[in-house]
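Here is the structure we will look at.
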Amino acid sequence: MELERPSGHLLPRRLDRPGTWLVAAALLYSCWLLELVLPTGLSMVDSYVSELFADDQPYRWVFRVTDALAACCLFLAARRMRGRLVIAAVLLFAVATLADTVLSLDCAASVDALCRSRETAGTVSLGHRLHQVTSALTFGSALAAAAGLERSTRRWSARVVVALLATTGVLSAVLVHQPGAGLVQRVQLLTIAVGLVLGARASLGWRRSGFR
């Protein structure tokens with residue numbers, strides 16, 4: 001994957017690489033898995049991950065900060081990448097991820113009947129309403145980045161990522177606010193994290209690792 005440009009910055013060269021930042025982004029973007037040990041009160045099957053960020057949730061800042069840091073890592077990775085499609089997709093993914101943390105939900109509709117009533121009545125905040133847009137941008141840019149990765153590497157693992165993202169995207173559209181929607185989204189987020197790691201491996205030139 002044509003990713004790296006020569007440069008010299010504050011960090012040692014061996015650390016200031018796209019692969020390093022992509023791995024960091026993947027780890028931070030997966031911090032929603034902390035819900036496995038935190039008493040969030042949300043369902044991993046039916047609740048959306050974005051509900052962890054909602055204004056009425058006790059651990060919202062944990063998830064907001066880690067996603068914001070993931071976005072920063074993506075920006076740092078993109079500045080030394082090559083390939084217009086990949087760079088544009090990664091930058092859009094970073095912007096949309098950051099917007100997701102700013103335009104957070106007011107409440108968790110999957111466990112709050114009053115919140116569902118507010119959504120139906122249209123009395124939620126503008127940020128709550130726009131969150132659906134930023135989430136769609138996040139998914140679309142992640143899919144575009146995965147497609148760029150597959151095009152650059154021609155690896156079957158990258159094709160699996162693209163296929164899984166496309167499948168979960170369709171299922172998410174079908175299961176909007178339905179039972180199982182949260183589980184589908186979690187599979188999607190894990191797939192994105194895997195895609196970031198694949199991008200990191202490609203950028204570091206790990207061609208002989210057998211990860212094909």
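Residue numbers start at 1 in each chain; chains themselves are named A, B, ... in the order of the structure tokens; ligands are numbered from 1 in the order shown.
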
**OP:** Write out as a PyMOL selection string which residues come within 9 Å of Gly169 in chain A when counting only C-alpha atoms, dropping same-chain ones fewer than 3 positions away.
**Re:** chain A and resi 139-140+164-166+172-174+184-185+188

**OP:** List every residue of range 45-82 of chain A that DSSP, applied to the backbone of this structure, assigns to helix (DSSP H, G or I), and report them as JSON, numbers by chain.
**Re:** {"A": [49, 50, 51, 52, 53, 60, 61, 62, 63, 64, 65, 66, 67, 68, 69, 70, 71, 72, 73, 74, 75, 76, 77, 78]}

Mind writing the picked residues with N, CA and C atoms as a PDB file, in the first residue's frame?
```pdb
ATOM      1  N   VAL A  49     -23.667   1.621  19.750  1.00  0.00           N
ATOM      2  CA  VAL A  49     -22.449   2.023  20.454  1.00  0.00           C
ATOM      3  C   VAL A  49     -22.457   3.526  20.713  1.00  0.00           C
ATOM      4  N   SER A  50     -23.012   4.289  19.794  1.00  0.00           N
ATOM      5  CA  SER A  50     -23.063   5.744  19.964  1.00  0.00           C
ATOM      6  C   SER A  50     -23.861   6.154  21.196  1.00  0.00           C
ATOM      7  N   GLU A  51     -24.716   5.260  21.691  1.00  0.00           N
ATOM      8  CA  GLU A  51     -25.473   5.565  22.900  1.00  0.00           C
ATOM      9  C   GLU A  51     -24.580   5.617  24.131  1.00  0.00           C
ATOM     10  N   LEU A  52     -23.416   4.995  24.045  1.00  0.00           N
ATOM     11  CA  LEU A  52     -22.449   5.093  25.137  1.00  0.00           C
ATOM     12  C   LEU A  52     -21.960   6.523  25.306  1.00  0.00           C
ATOM     13  N   PHE A  53     -22.049   7.312  24.221  1.00  0.00           N
ATOM     14  CA  PHE A  53     -21.582   8.704  24.209  1.00  0.00           C
ATOM     15  C   PHE A  53     -22.678   9.690  24.639  1.00  0.00           C
ATOM     16  N   ARG A  60     -19.716   8.535  29.455  1.00  0.00           N
ATOM     17  CA  ARG A  60     -19.665   9.151  28.130  1.00  0.00           C
ATOM     18  C   ARG A  60     -18.301   9.745  27.810  1.00  0.00           C
ATOM     19  N   TRP A  61     -17.641  10.347  28.797  1.00  0.00           N
ATOM     20  CA  TRP A  61     -16.370  11.012  28.512  1.00  0.00           C
ATOM     21  C   TRP A  61     -15.254  10.024  28.222  1.00  0.00           C
ATOM     22  N   VAL A  62     -15.326   8.849  28.787  1.00  0.00           N
ATOM     23  CA  VAL A  62     -14.341   7.811  28.475  1.00  0.00           C
ATOM     24  C   VAL A  62     -14.386   7.489  26.989  1.00  0.00           C
ATOM     25  N   PHE A  63     -15.587   7.281  26.483  1.00  0.00           N
ATOM     26  CA  PHE A  63     -15.751   6.896  25.084  1.00  0.00           C
ATOM     27  C   PHE A  63     -15.556   8.077  24.136  1.00  0.00           C
ATOM     28  N   ARG A  64     -15.948   9.256  24.543  1.00  0.00           N
ATOM     29  CA  ARG A  64     -15.753  10.436  23.700  1.00  0.00           C
ATOM     30  C   ARG A  64     -14.272  10.753  23.539  1.00  0.00           C
ATOM     31  N   VAL A  65     -13.544  10.712  24.636  1.00  0.00           N
ATOM     32  CA  VAL A  65     -12.120  11.056  24.595  1.00  0.00           C
ATOM     33  C   VAL A  65     -11.339  10.036  23.773  1.00  0.00           C
ATOM     34  N   THR A  66     -11.606   8.759  23.961  1.00  0.00           N
ATOM     35  CA  THR A  66     -10.863   7.744  23.209  1.00  0.00           C
ATOM     36  C   THR A  66     -11.162   7.828  21.710  1.00  0.00           C
ATOM     37  N   ASP A  67     -12.398   8.121  21.345  1.00  0.00           N
ATOM     38  CA  ASP A  67     -12.709   8.286  19.926  1.00  0.00           C
ATOM     39  C   ASP A  67     -12.058   9.547  19.352  1.00  0.00           C
ATOM     40  N   ALA A  68     -12.031  10.606  20.141  1.00  0.00           N
ATOM     41  CA  ALA A  68     -11.376  11.839  19.688  1.00  0.00           C
ATOM     42  C   ALA A  68      -9.879  11.608  19.481  1.00  0.00           C
ATOM     43  N   LEU A  69      -9.265  10.850  20.376  1.00  0.00           N
ATOM     44  CA  LEU A  69      -7.847  10.521  20.233  1.00  0.00           C
ATOM     45  C   LEU A  69      -7.613   9.636  19.010  1.00  0.00           C
ATOM     46  N   ALA A  70      -8.561   8.729  18.751  1.00  0.00           N
ATOM     47  CA  ALA A  70      -8.460   7.889  17.554  1.00  0.00           C
ATOM     48  C   ALA A  70      -8.478   8.761  16.305  1.00  0.00           C
ATOM     49  N   ALA A  71      -9.354   9.757  16.290  1.00  0.00           N
ATOM     50  CA  ALA A  71      -9.426  10.675  15.149  1.00  0.00           C
ATOM     51  C   ALA A  71      -8.109  11.423  14.964  1.00  0.00           C
ATOM     52  N   CYS A  72      -7.506  11.852  16.060  1.00  0.00           N
ATOM     53  CA  CYS A  72      -6.207  12.544  15.984  1.00  0.00           C
ATOM     54  C   CYS A  72      -5.137  11.639  15.386  1.00  0.00           C
ATOM     55  N   CYS A  73      -5.137  10.371  15.782  1.00  0.00           N
ATOM     56  CA  CYS A  73      -4.177   9.415  15.239  1.00  0.00           C
ATOM     57  C   CYS A  73      -4.383   9.226  13.739  1.00  0.00           C
ATOM     58  N   LEU A  74      -5.637   9.240  13.303  1.00  0.00           N
ATOM     59  CA  LEU A  74      -5.927   9.119  11.876  1.00  0.00           C
ATOM     60  C   LEU A  74      -5.410  10.319  11.097  1.00  0.00           C
ATOM     61  N   PHE A  75      -5.566  11.506  11.674  1.00  0.00           N
ATOM     62  CA  PHE A  75      -5.016  12.707  11.034  1.00  0.00           C
ATOM     63  C   PHE A  75      -3.495  12.593  10.903  1.00  0.00           C
ATOM     64  N   LEU A  76      -2.839  12.115  11.954  1.00  0.00           N
ATOM     65  CA  LEU A  76      -1.387  11.981  11.939  1.00  0.00           C
ATOM     66  C   LEU A  76      -0.934  10.933  10.928  1.00  0.00           C
ATOM     67  N   ALA A  77      -1.713   9.874  10.796  1.00  0.00           N
ATOM     68  CA  ALA A  77      -1.379   8.844   9.807  1.00  0.00           C
ATOM     69  C   ALA A  77      -1.536   9.385   8.391  1.00  0.00           C
ATOM     70  N   ALA A  78      -2.627  10.118   8.150  1.00  0.00           N
ATOM     71  CA  ALA A  78      -2.943  10.588   6.798  1.00  0.00           C
ATOM     72  C   ALA A  78      -1.899  11.551   6.253  1.00  0.00           C
TER      73      ALA A  78
END
```

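In this structure, CA of Leu175 in chain A sits 11.3 Å away from CA of Tyr48 in chain A.
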
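Between CA of Glu150 in chain A and CA of Gly195 in chain A there is a distance of 9.8 Å.
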
**OP:** Write out as a ChimeraX atom specification each polymer residue whose atoms come within 9 Å of Ala54 in chain A, counting only C-alpha atoms; drop sequence neighbours fewer than 6 positions from it.
**Re:** /A:60,104-108,128
